[in-house]
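Q: This is the structure I have questions about; it appears just below.
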Amino acid sequence: MTKQNESLGILLMIITTIVFASQDGLSKYLATEYNVYMVVMIRYWFFATFVISMSSQKTGGIKRVAKTKSPILQIFRSLILVAEMCITILAFTLLGLAETHAIFASYPLIIAMLSGPILGEYVGWRRWLAICVGFIGILIILNPGNGIFSPYALVPLAGAILFALYGLLTRYVGQYDNSSTSFFWTGVVGSIAMTIIGLNYWDPVSKSDWSIMLLLSASGVVGHYLLIKCYEVAEASAVQPFAYLQLIWASMIGIIIFGEQITTNVLIGACIIVGAGLFTLWRERKVS
């Protein structure tokens, strides 16, 4: 068993958010040059290679890691993540990194909201109040009453809902399978699904963009490896609040690299969502 080290876990989570934010910036660039399905497909090829390589090194090899008590559920949750990735990267091209992440930051609130009906967990009135406040933040970002509401703003919200469902189903299937098994199915099923879809949208990639594509794929592998190590050395409840830093890093990349602008309603809404999410995480840790 790995010795617990909360400080190291927090440091690893901070580094992970920087890697994932950089990955989002690369994804936005490539998705504006090539089809989203093709970009996600290539990412999954590297992801699956990483997962298979890790699994082969474990005791019993791939055969033991791949053994699951709930194959249908594993396939379903993996396909949900595929859909979430495609939708979220599409949102990067439609809205930009800052606004997409501001809305996507609501996924912990959606997890808290759905944890009762899906997992049978108890959600007290304080967390329900935080959920309601968080969704007020979403409404502030969407700004539906100003007469210029864009339906594109619903795209990252759909991504957040899918990611929340993926997280809940991962927790549910964790009752039957270990994390290595779930990780294996996520990479392999996602790679197969995206290959079936993505090959229909293949476009020639320039030499310079291949280097960016490889960097994108490598950042995904490094990010997931760091996340695994993070959860090995520290409890999830201790490091999860620092995951919100990805919103800050991604927004900085959006502003500096892509010339995005953060409107007042997005800034206010994001602060409300993050505040409500942090409160929800704190209550969950206190109650558990």
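Numbering starts fresh at 1 for the residues of each chain in the structure tokens, the chains themselves are lettered A, B, ... in the order given, and ligands are numbered from 1 as they appear.
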Residues of region 130-195 of chain A that approach region 71-85 of chain A to 12 Å or less, counting only C-alpha atoms: could you list each one with the shortest pair of atoms and its distance in Å to one decimal, rows by chain and increasing residue number, as a Markdown table?

A:
```
| residue | atom | partner | partner_atom | distance |
| --- | --- | --- | --- | --- |
| A:Val155 | CA | A:Glu84 | CA | 10.0 |
| A:Pro156 | CA | A:Glu84 | CA | 9.0 |
| A:Leu157 | CA | A:Glu84 | CA | 10.2 |
| A:Ala158 | CA | A:Glu84 | CA | 7.9 |
| A:Gly159 | CA | A:Glu84 | CA | 4.9 |
| A:Ala160 | CA | A:Glu84 | CA | 7.6 |
| A:Ile161 | CA | A:Glu84 | CA | 8.5 |
| A:Leu162 | CA | A:Glu84 | CA | 5.6 |
| A:Phe163 | CA | A:Glu84 | CA | 6.1 |
| A:Ala164 | CA | A:Glu84 | CA | 9.7 |
| A:Leu165 | CA | A:Ile80 | CA | 7.7 |
| A:Tyr166 | CA | A:Arg77 | CA | 5.5 |
| A:Gly167 | CA | A:Arg77 | CA | 8.5 |
| A:Leu168 | CA | A:Arg77 | CA | 9.2 |
| A:Leu169 | CA | A:Arg77 | CA | 6.2 |
| A:Thr170 | CA | A:Arg77 | CA | 7.1 |
| A:Arg171 | CA | A:Arg77 | CA | 10.6 |
| A:Tyr172 | CA | A:Leu73 | CA | 9.4 |
| A:Val173 | CA | A:Leu73 | CA | 7.3 |
| A:Gly174 | CA | A:Gln74 | CA | 10.2 |
| A:Gln175 | CA | A:Leu73 | CA | 12.0 |
| A:Tyr176 | CA | A:Pro71 | CA | 10.6 |
| A:Asp177 | CA | A:Gln74 | CA | 9.4 |
| A:Asn178 | CA | A:Gln74 | CA | 11.6 |
| A:Ser179 | CA | A:Gln74 | CA | 11.5 |
| A:Thr181 | CA | A:Gln74 | CA | 9.1 |
| A:Ser182 | CA | A:Gln74 | CA | 6.8 |
| A:Phe183 | CA | A:Ser78 | CA | 9.2 |
| A:Phe184 | CA | A:Gln74 | CA | 9.7 |
| A:Trp185 | CA | A:Gln74 | CA | 6.4 |
| A:Thr186 | CA | A:Ser78 | CA | 4.7 |
| A:Gly187 | CA | A:Ser78 | CA | 7.8 |
| A:Val188 | CA | A:Ser78 | CA | 8.7 |
| A:Val189 | CA | A:Ser78 | CA | 6.2 |
| A:Gly190 | CA | A:Val82 | CA | 5.9 |
| A:Ser191 | CA | A:Val82 | CA | 8.8 |
| A:Ile192 | CA | A:Leu79 | CA | 10.0 |
| A:Ala193 | CA | A:Leu79 | CA | 7.5 |
| A:Met194 | CA | A:Val82 | CA | 7.4 |
| A:Thr195 | CA | A:Val82 | CA | 11.2 |
```

Q: Can I get the selection written as a compact mmCIF listing (two decimals), in the first residue's frame, with N, CA, C and O atoms?

A:
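Produced file out_10.txt, reproduced below:
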```txt
# COMPACT_ATOMS: atom_id res chain seq x y z
N VAL A 155 -24.01 23.55 -24.92
CA VAL A 155 -23.12 22.45 -25.31
C VAL A 155 -22.22 22.03 -24.15
O VAL A 155 -22.16 20.84 -23.80
N PRO A 156 -21.47 22.97 -23.49
CA PRO A 156 -20.65 22.54 -22.36
C PRO A 156 -21.47 22.04 -21.18
O PRO A 156 -21.00 21.21 -20.40
N LEU A 157 -22.71 22.53 -21.04
CA LEU A 157 -23.58 22.03 -19.98
C LEU A 157 -23.92 20.56 -20.23
O LEU A 157 -23.92 19.74 -19.29
N ALA A 158 -24.17 20.22 -21.49
CA ALA A 158 -24.40 18.82 -21.85
C ALA A 158 -23.16 17.98 -21.54
O ALA A 158 -23.27 16.85 -21.04
N GLY A 159 -21.98 18.55 -21.83
CA GLY A 159 -20.74 17.85 -21.52
C GLY A 159 -20.57 17.61 -20.03
O GLY A 159 -20.15 16.54 -19.60
N ALA A 160 -20.94 18.62 -19.22
CA ALA A 160 -20.84 18.49 -17.77
C ALA A 160 -21.79 17.41 -17.24
O ALA A 160 -21.43 16.64 -16.34
N ILE A 161 -22.99 17.35 -17.80
CA ILE A 161 -23.96 16.34 -17.38
C ILE A 161 -23.44 14.94 -17.71
O ILE A 161 -23.51 14.01 -16.89
N LEU A 162 -22.89 14.78 -18.92
CA LEU A 162 -22.34 13.48 -19.32
C LEU A 162 -21.16 13.08 -18.44
O LEU A 162 -21.02 11.92 -18.05
N PHE A 163 -20.29 14.06 -18.13
CA PHE A 163 -19.13 13.74 -17.29
C PHE A 163 -19.56 13.37 -15.88
O PHE A 163 -18.96 12.50 -15.25
N ALA A 164 -20.61 14.02 -15.39
CA ALA A 164 -21.14 13.67 -14.06
C ALA A 164 -21.70 12.25 -14.07
O ALA A 164 -21.47 11.48 -13.13
N LEU A 165 -22.43 11.89 -15.13
CA LEU A 165 -22.95 10.53 -15.25
C LEU A 165 -21.82 9.51 -15.32
O LEU A 165 -21.88 8.44 -14.69
N TYR A 166 -20.77 9.86 -16.07
CA TYR A 166 -19.60 8.98 -16.15
C TYR A 166 -18.99 8.78 -14.77
O TYR A 166 -18.66 7.65 -14.38
N GLY A 167 -18.84 9.88 -14.01
CA GLY A 167 -18.27 9.78 -12.68
C GLY A 167 -19.12 8.93 -11.74
O GLY A 167 -18.60 8.11 -10.98
N LEU A 168 -20.44 9.11 -11.80
CA LEU A 168 -21.34 8.33 -10.95
C LEU A 168 -21.32 6.85 -11.31
O LEU A 168 -21.30 5.99 -10.43
N LEU A 169 -21.33 6.55 -12.61
CA LEU A 169 -21.29 5.15 -13.03
C LEU A 169 -19.95 4.51 -12.70
O LEU A 169 -19.88 3.31 -12.41
N THR A 170 -18.88 5.31 -12.73
CA THR A 170 -17.57 4.79 -12.34
C THR A 170 -17.57 4.43 -10.86
O THR A 170 -17.02 3.38 -10.46
N ARG A 171 -18.18 5.27 -10.03
CA ARG A 171 -18.31 4.97 -8.61
C ARG A 171 -19.18 3.74 -8.39
O ARG A 171 -18.89 2.89 -7.54
N TYR A 172 -20.25 3.63 -9.18
CA TYR A 172 -21.17 2.49 -9.03
C TYR A 172 -20.49 1.18 -9.41
O TYR A 172 -20.56 0.19 -8.69
N VAL A 173 -19.81 1.18 -10.57
CA VAL A 173 -19.16 -0.05 -11.02
C VAL A 173 -17.97 -0.39 -10.14
O VAL A 173 -17.50 -1.54 -10.12
N GLY A 174 -17.48 0.60 -9.37
CA GLY A 174 -16.39 0.36 -8.43
C GLY A 174 -16.75 -0.61 -7.33
O GLY A 174 -15.87 -1.13 -6.63
N GLN A 175 -18.05 -0.87 -7.17
CA GLN A 175 -18.49 -1.87 -6.19
C GLN A 175 -18.15 -3.29 -6.65
O GLN A 175 -18.11 -4.22 -5.83
N TYR A 176 -17.94 -3.45 -7.96
CA TYR A 176 -17.71 -4.77 -8.53
C TYR A 176 -16.31 -4.93 -9.13
O TYR A 176 -15.75 -6.01 -9.10
N ASP A 177 -15.80 -3.85 -9.70
CA ASP A 177 -14.50 -3.91 -10.36
C ASP A 177 -13.54 -2.90 -9.74
O ASP A 177 -13.98 -1.86 -9.23
N ASN A 178 -12.23 -3.20 -9.80
CA ASN A 178 -11.25 -2.24 -9.27
C ASN A 178 -10.96 -1.15 -10.31
O ASN A 178 -11.41 -1.22 -11.45
N SER A 179 -10.22 -0.15 -9.90
CA SER A 179 -9.97 1.01 -10.76
C SER A 179 -9.18 0.64 -12.02
O SER A 179 -9.39 1.22 -13.09
N THR A 181 -9.36 -2.11 -13.74
CA THR A 181 -10.29 -2.71 -14.70
C THR A 181 -11.12 -1.64 -15.39
O THR A 181 -11.29 -1.64 -16.61
N SER A 182 -11.64 -0.70 -14.62
CA SER A 182 -12.44 0.38 -15.19
C SER A 182 -11.60 1.24 -16.14
O SER A 182 -12.08 1.65 -17.20
N PHE A 183 -10.35 1.50 -15.75
CA PHE A 183 -9.45 2.30 -16.57
C PHE A 183 -9.18 1.60 -17.91
O PHE A 183 -9.16 2.22 -18.97
N PHE A 184 -8.99 0.27 -17.84
CA PHE A 184 -8.73 -0.52 -19.04
C PHE A 184 -9.92 -0.44 -20.00
O PHE A 184 -9.75 -0.18 -21.20
N TRP A 185 -11.11 -0.66 -19.49
CA TRP A 185 -12.30 -0.64 -20.33
C TRP A 185 -12.54 0.75 -20.92
O TRP A 185 -12.95 0.89 -22.07
N THR A 186 -12.25 1.79 -20.14
CA THR A 186 -12.43 3.16 -20.62
C THR A 186 -11.57 3.41 -21.86
O THR A 186 -12.06 3.95 -22.86
N GLY A 187 -10.31 3.03 -21.79
CA GLY A 187 -9.40 3.27 -22.90
C GLY A 187 -9.68 2.42 -24.11
O GLY A 187 -9.72 2.91 -25.25
N VAL A 188 -9.92 1.13 -23.90
CA VAL A 188 -10.09 0.21 -25.03
C VAL A 188 -11.43 0.42 -25.73
O VAL A 188 -11.50 0.51 -26.96
N VAL A 189 -12.51 0.49 -24.95
CA VAL A 189 -13.84 0.70 -25.55
C VAL A 189 -13.88 2.05 -26.27
O VAL A 189 -14.41 2.16 -27.39
N GLY A 190 -13.32 3.08 -25.63
CA GLY A 190 -13.31 4.40 -26.25
C GLY A 190 -12.53 4.40 -27.56
O GLY A 190 -12.95 5.03 -28.54
N SER A 191 -11.40 3.70 -27.58
CA SER A 191 -10.58 3.64 -28.79
C SER A 191 -11.32 2.94 -29.92
O SER A 191 -11.30 3.40 -31.07
N ILE A 192 -11.98 1.84 -29.61
CA ILE A 192 -12.74 1.10 -30.64
C ILE A 192 -13.88 1.96 -31.17
O ILE A 192 -14.08 2.07 -32.40
N ALA A 193 -14.63 2.58 -30.27
CA ALA A 193 -15.78 3.40 -30.67
C ALA A 193 -15.35 4.57 -31.54
O ALA A 193 -15.96 4.85 -32.59
N MET A 194 -14.28 5.26 -31.12
CA MET A 194 -13.85 6.44 -31.88
C MET A 194 -13.19 6.06 -33.20
O MET A 194 -13.24 6.83 -34.16
N THR A 195 -12.59 4.87 -33.28
CA THR A 195 -12.01 4.43 -34.54
C THR A 195 -13.13 4.17 -35.56
O THR A 195 -13.01 4.55 -36.74
```

Q: What's the 12 Å shell around Leu199 (chain A), counting only C-alpha atoms, without same-chain residues fewer than 3 positions away, as number ranges by chain?

A: A: 35-42, 191-196, 202-204

Q: Just to be explicit: take each residue in the selection above, keep all heavy atoms, and write the result as a compact mmCIF listing (two decimals), in the first residue's frame.

A:
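Wrote it out as again38.txt, contents follow:
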```
# COMPACT_ATOMS: atom_id res chain seq x y z
N ASN A 35 -11.49 17.73 -38.06
CA ASN A 35 -12.75 17.28 -37.48
C ASN A 35 -12.56 16.82 -36.03
O ASN A 35 -11.55 16.17 -35.70
CB ASN A 35 -13.31 16.12 -38.32
CG ASN A 35 -14.70 15.72 -37.89
OD1 ASN A 35 -14.86 14.95 -36.97
ND2 ASN A 35 -15.71 16.27 -38.57
N VAL A 36 -13.52 17.17 -35.18
CA VAL A 36 -13.44 16.81 -33.76
C VAL A 36 -13.31 15.31 -33.58
O VAL A 36 -12.52 14.83 -32.74
CB VAL A 36 -14.69 17.34 -33.01
CG1 VAL A 36 -14.74 16.77 -31.60
CG2 VAL A 36 -14.69 18.86 -32.98
N TYR A 37 -14.07 14.53 -34.35
CA TYR A 37 -14.05 13.07 -34.20
C TYR A 37 -12.66 12.51 -34.48
O TYR A 37 -12.20 11.57 -33.80
CB TYR A 37 -15.06 12.41 -35.14
CG TYR A 37 -16.49 12.78 -34.85
CD1 TYR A 37 -17.36 13.14 -35.88
CD2 TYR A 37 -16.99 12.75 -33.55
CE1 TYR A 37 -18.68 13.47 -35.62
CE2 TYR A 37 -18.31 13.08 -33.29
CZ TYR A 37 -19.15 13.44 -34.33
OH TYR A 37 -20.45 13.78 -34.07
N MET A 38 -11.98 13.06 -35.47
CA MET A 38 -10.64 12.58 -35.80
C MET A 38 -9.66 12.90 -34.69
O MET A 38 -8.82 12.07 -34.31
CB MET A 38 -10.16 13.19 -37.12
CG MET A 38 -8.90 12.56 -37.66
SD MET A 38 -8.24 13.37 -39.14
CE MET A 38 -7.27 14.69 -38.41
N VAL A 39 -9.76 14.10 -34.13
CA VAL A 39 -8.87 14.51 -33.04
C VAL A 39 -9.06 13.61 -31.83
O VAL A 39 -8.10 13.12 -31.23
CB VAL A 39 -9.11 15.98 -32.67
CG1 VAL A 39 -8.30 16.36 -31.44
CG2 VAL A 39 -8.77 16.90 -33.84
N VAL A 40 -10.32 13.36 -31.47
CA VAL A 40 -10.61 12.50 -30.31
C VAL A 40 -10.15 11.07 -30.58
O VAL A 40 -9.64 10.39 -29.69
CB VAL A 40 -12.11 12.55 -29.97
CG1 VAL A 40 -12.44 11.57 -28.82
CG2 VAL A 40 -12.53 13.96 -29.57
N MET A 41 -10.32 10.61 -31.81
CA MET A 41 -9.90 9.25 -32.17
C MET A 41 -8.40 9.06 -31.94
O MET A 41 -7.98 8.07 -31.32
CB MET A 41 -10.24 8.97 -33.63
CG MET A 41 -9.74 7.62 -34.13
SD MET A 41 -10.07 7.37 -35.90
CE MET A 41 -8.97 8.61 -36.63
N ILE A 42 -7.60 10.00 -32.41
CA ILE A 42 -6.14 9.88 -32.25
C ILE A 42 -5.76 9.95 -30.77
O ILE A 42 -4.87 9.22 -30.31
CB ILE A 42 -5.42 10.96 -33.07
CG1 ILE A 42 -5.67 10.73 -34.57
CG2 ILE A 42 -3.93 10.98 -32.79
CD1 ILE A 42 -5.14 11.81 -35.47
N SER A 191 -11.40 3.70 -27.58
CA SER A 191 -10.58 3.64 -28.79
C SER A 191 -11.32 2.94 -29.92
O SER A 191 -11.30 3.40 -31.07
CB SER A 191 -9.27 2.91 -28.49
OG SER A 191 -8.47 2.83 -29.64
N ILE A 192 -11.98 1.84 -29.61
CA ILE A 192 -12.74 1.10 -30.64
C ILE A 192 -13.88 1.96 -31.17
O ILE A 192 -14.08 2.07 -32.40
CB ILE A 192 -13.29 -0.22 -30.06
CG1 ILE A 192 -12.14 -1.16 -29.71
CG2 ILE A 192 -14.24 -0.88 -31.04
CD1 ILE A 192 -12.56 -2.40 -28.95
N ALA A 193 -14.63 2.58 -30.27
CA ALA A 193 -15.78 3.40 -30.67
C ALA A 193 -15.35 4.57 -31.54
O ALA A 193 -15.96 4.85 -32.59
CB ALA A 193 -16.53 3.90 -29.44
N MET A 194 -14.28 5.26 -31.12
CA MET A 194 -13.85 6.44 -31.88
C MET A 194 -13.19 6.06 -33.20
O MET A 194 -13.24 6.83 -34.16
CB MET A 194 -12.90 7.29 -31.04
CG MET A 194 -13.59 8.12 -29.97
SD MET A 194 -15.04 9.04 -30.55
CE MET A 194 -14.39 9.96 -31.94
N THR A 195 -12.59 4.87 -33.28
CA THR A 195 -12.01 4.43 -34.54
C THR A 195 -13.13 4.17 -35.56
O THR A 195 -13.01 4.55 -36.74
CB THR A 195 -11.18 3.15 -34.35
OG1 THR A 195 -10.10 3.43 -33.44
CG2 THR A 195 -10.60 2.67 -35.67
N ILE A 196 -14.20 3.55 -35.10
CA ILE A 196 -15.35 3.29 -35.98
C ILE A 196 -15.92 4.60 -36.52
O ILE A 196 -16.28 4.71 -37.70
CB ILE A 196 -16.44 2.49 -35.23
CG1 ILE A 196 -15.93 1.09 -34.89
CG2 ILE A 196 -17.72 2.41 -36.06
CD1 ILE A 196 -16.85 0.30 -33.98
N TRP A 202 -11.54 11.25 -41.57
CA TRP A 202 -10.08 11.43 -41.64
C TRP A 202 -9.72 12.51 -42.65
O TRP A 202 -10.21 12.54 -43.77
CB TRP A 202 -9.40 10.12 -42.01
CG TRP A 202 -7.91 10.24 -42.02
CD1 TRP A 202 -7.11 10.57 -43.08
CD2 TRP A 202 -7.05 10.08 -40.90
NE1 TRP A 202 -5.80 10.61 -42.69
CE2 TRP A 202 -5.73 10.31 -41.36
CE3 TRP A 202 -7.25 9.75 -39.55
CZ2 TRP A 202 -4.62 10.23 -40.52
CZ3 TRP A 202 -6.16 9.66 -38.72
CH2 TRP A 202 -4.86 9.89 -39.20
N ASP A 203 -8.84 13.40 -42.22
CA ASP A 203 -8.28 14.44 -43.09
C ASP A 203 -6.77 14.35 -43.03
O ASP A 203 -6.20 14.02 -41.98
CB ASP A 203 -8.72 15.84 -42.64
CG ASP A 203 -10.18 16.11 -42.92
OD1 ASP A 203 -10.66 15.67 -43.99
OD2 ASP A 203 -10.85 16.74 -42.09
N PRO A 204 -6.07 14.66 -44.12
CA PRO A 204 -4.61 14.67 -44.08
C PRO A 204 -4.11 15.69 -43.06
O PRO A 204 -4.63 16.80 -42.98
CB PRO A 204 -4.22 15.08 -45.51
CG PRO A 204 -5.41 14.72 -46.34
CD PRO A 204 -6.60 14.94 -45.47
```

Q: With only C-alpha atoms as the basis for distance, which of A:Leu245, A:Ala218, A:Val19, A:Val123 is at the shortest distance from Ala48 (chain A)?

A: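 Of A:Leu245, A:Ala218, A:Val19, A:Val123, the one nearest Ala48 (chain A) is A:Ala218, counting only C-alpha atoms.
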
Q: When you look at region 226-231 of chain A with a cut-off of 10 Å (counting only C-alpha atoms), what residues show up, excluding the ones that are within fewer than 2 positions of it in the same chain? I need them as a count of residues only.

A: 30

Q: I need the residue nearest Trp210 (chain A) from this list: A:Leu109, A:Cys86, A:Leu30, A:Ile268. Use only C-alpha atoms for the distance.

A: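 Using only C-alpha atoms, the shortest distance to Trp210 (chain A) belongs to A:Leu30.
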
Q: Could you tell me how far CA of Leu142 (chain A) sits from CA of Leu154 (chain A), in Å to one decimal place?

A: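 Result for CA of Leu154 (chain A) versus CA of Leu142 (chain A): 8.0 Å, one decimal.
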
Q: What is the CA of Trp45 (chain A)-CA of Ser27 (chain A) distance in Å, reported with one decimal?

A: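 Here the two named atoms are 14.9 Å from each other.
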
Q: Have a look at A:Gly259, A:Phe104, A:Tyr44, A:Tyr152 and name the one nearest to Gly198 (chain A); count only C-alpha atoms.

A: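 Nearest candidate to Gly198 (chain A) out of A:Gly259, A:Phe104, A:Tyr44, A:Tyr152: A:Tyr44.
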
Q: A:Ile131, A:Ile118, A:Ile89, A:Ile256: which is nearest Ser106 (chain A), counting only C-alpha atoms?

A: A:Ile131

Q: What separation in Å, quoted to one decimal, exists between CA of Trp125 (chain A) and CA of Tyr244 (chain A)?

A: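 Distance between the two atoms: 23.5 Å.
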
Q: Quick one: residues within 10 Å of Phe258 (chain A), only C-alpha atoms, excluding same-chain residues fewer than 2 positions away - as a PyMOL selection string?

A: chain A and resi 25+28-29+96-97+251-256+260-261

Q: With distances taken over only C-alpha atoms, which residue among A:Gly275, A:Gly269, A:Pro151, A:Gly61 lies nearest Ile103 (chain A)?

A: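 Of all the options, A:Gly269 lies closest to Ile103 (chain A).
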
Q: Taking the chain letters and numbering used in this document, name the residues of region 25-241 of chain A that DSSP puts in alpha helix (DSSP H), as a PyMOL selection string.

A: chain A and resi 25-33+36-56+61-66+71-95+97-104+107-119+125-142+154-173+179-198+207-233+236-239

Q: Find the residues around Ala250 (chain A) up to 8 Å (only C-alpha atoms counted), leave out those fewer than 5 positions away in its own chain, and share them as a list in words.

A: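 Everything that qualifies: Ala21, Ser22, Asp24, Gly25, Leu97, Ala98 and His101 of chain A.
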
Q: Go ahead and save the residues from that selection, with all heavy atoms, as a short mmCIF file (atom, residue, chain, number, x, y, z; two decimals), in the first residue's frame.

A:
```
data_model
loop_
_atom_site.label_atom_id
_atom_site.label_comp_id
_atom_site.auth_asym_id
_atom_site.auth_seq_id
_atom_site.Cartn_x
_atom_site.Cartn_y
_atom_site.Cartn_z
N ALA A 21 -5.14 21.46 -18.71
CA ALA A 21 -5.49 22.75 -19.31
C ALA A 21 -4.72 22.96 -20.61
O ALA A 21 -5.28 23.45 -21.60
CB ALA A 21 -5.20 23.89 -18.32
N SER A 22 -3.44 22.59 -20.61
CA SER A 22 -2.63 22.67 -21.83
C SER A 22 -3.20 21.75 -22.90
O SER A 22 -3.26 22.11 -24.09
CB SER A 22 -1.18 22.28 -21.53
OG SER A 22 -0.63 23.13 -20.54
N ASP A 24 -6.30 20.95 -23.24
CA ASP A 24 -7.51 21.59 -23.75
C ASP A 24 -7.17 22.65 -24.80
O ASP A 24 -7.87 22.80 -25.80
CB ASP A 24 -8.31 22.22 -22.61
CG ASP A 24 -8.92 21.18 -21.69
OD1 ASP A 24 -9.05 20.02 -22.12
OD2 ASP A 24 -9.28 21.53 -20.55
N GLY A 25 -6.10 23.40 -24.54
CA GLY A 25 -5.67 24.40 -25.51
C GLY A 25 -5.25 23.76 -26.84
O GLY A 25 -5.61 24.24 -27.91
N LEU A 97 -12.25 28.41 -24.38
CA LEU A 97 -11.86 27.64 -23.21
C LEU A 97 -12.46 28.19 -21.92
O LEU A 97 -12.94 27.44 -21.08
CB LEU A 97 -10.33 27.61 -23.09
CG LEU A 97 -9.57 26.91 -24.22
CD1 LEU A 97 -8.08 27.12 -24.05
CD2 LEU A 97 -9.90 25.42 -24.23
N ALA A 98 -12.43 29.52 -21.77
CA ALA A 98 -12.85 30.13 -20.51
C ALA A 98 -14.33 29.88 -20.22
O ALA A 98 -14.69 29.40 -19.14
CB ALA A 98 -12.56 31.64 -20.54
N HIS A 101 -15.15 26.07 -19.68
CA HIS A 101 -14.76 25.56 -18.36
C HIS A 101 -15.59 26.18 -17.24
O HIS A 101 -15.83 25.53 -16.22
CB HIS A 101 -13.27 25.82 -18.12
CG HIS A 101 -12.41 24.71 -18.64
ND1 HIS A 101 -12.25 23.52 -17.98
CD2 HIS A 101 -11.66 24.61 -19.76
CE1 HIS A 101 -11.43 22.73 -18.66
NE2 HIS A 101 -11.07 23.37 -19.75
#
```
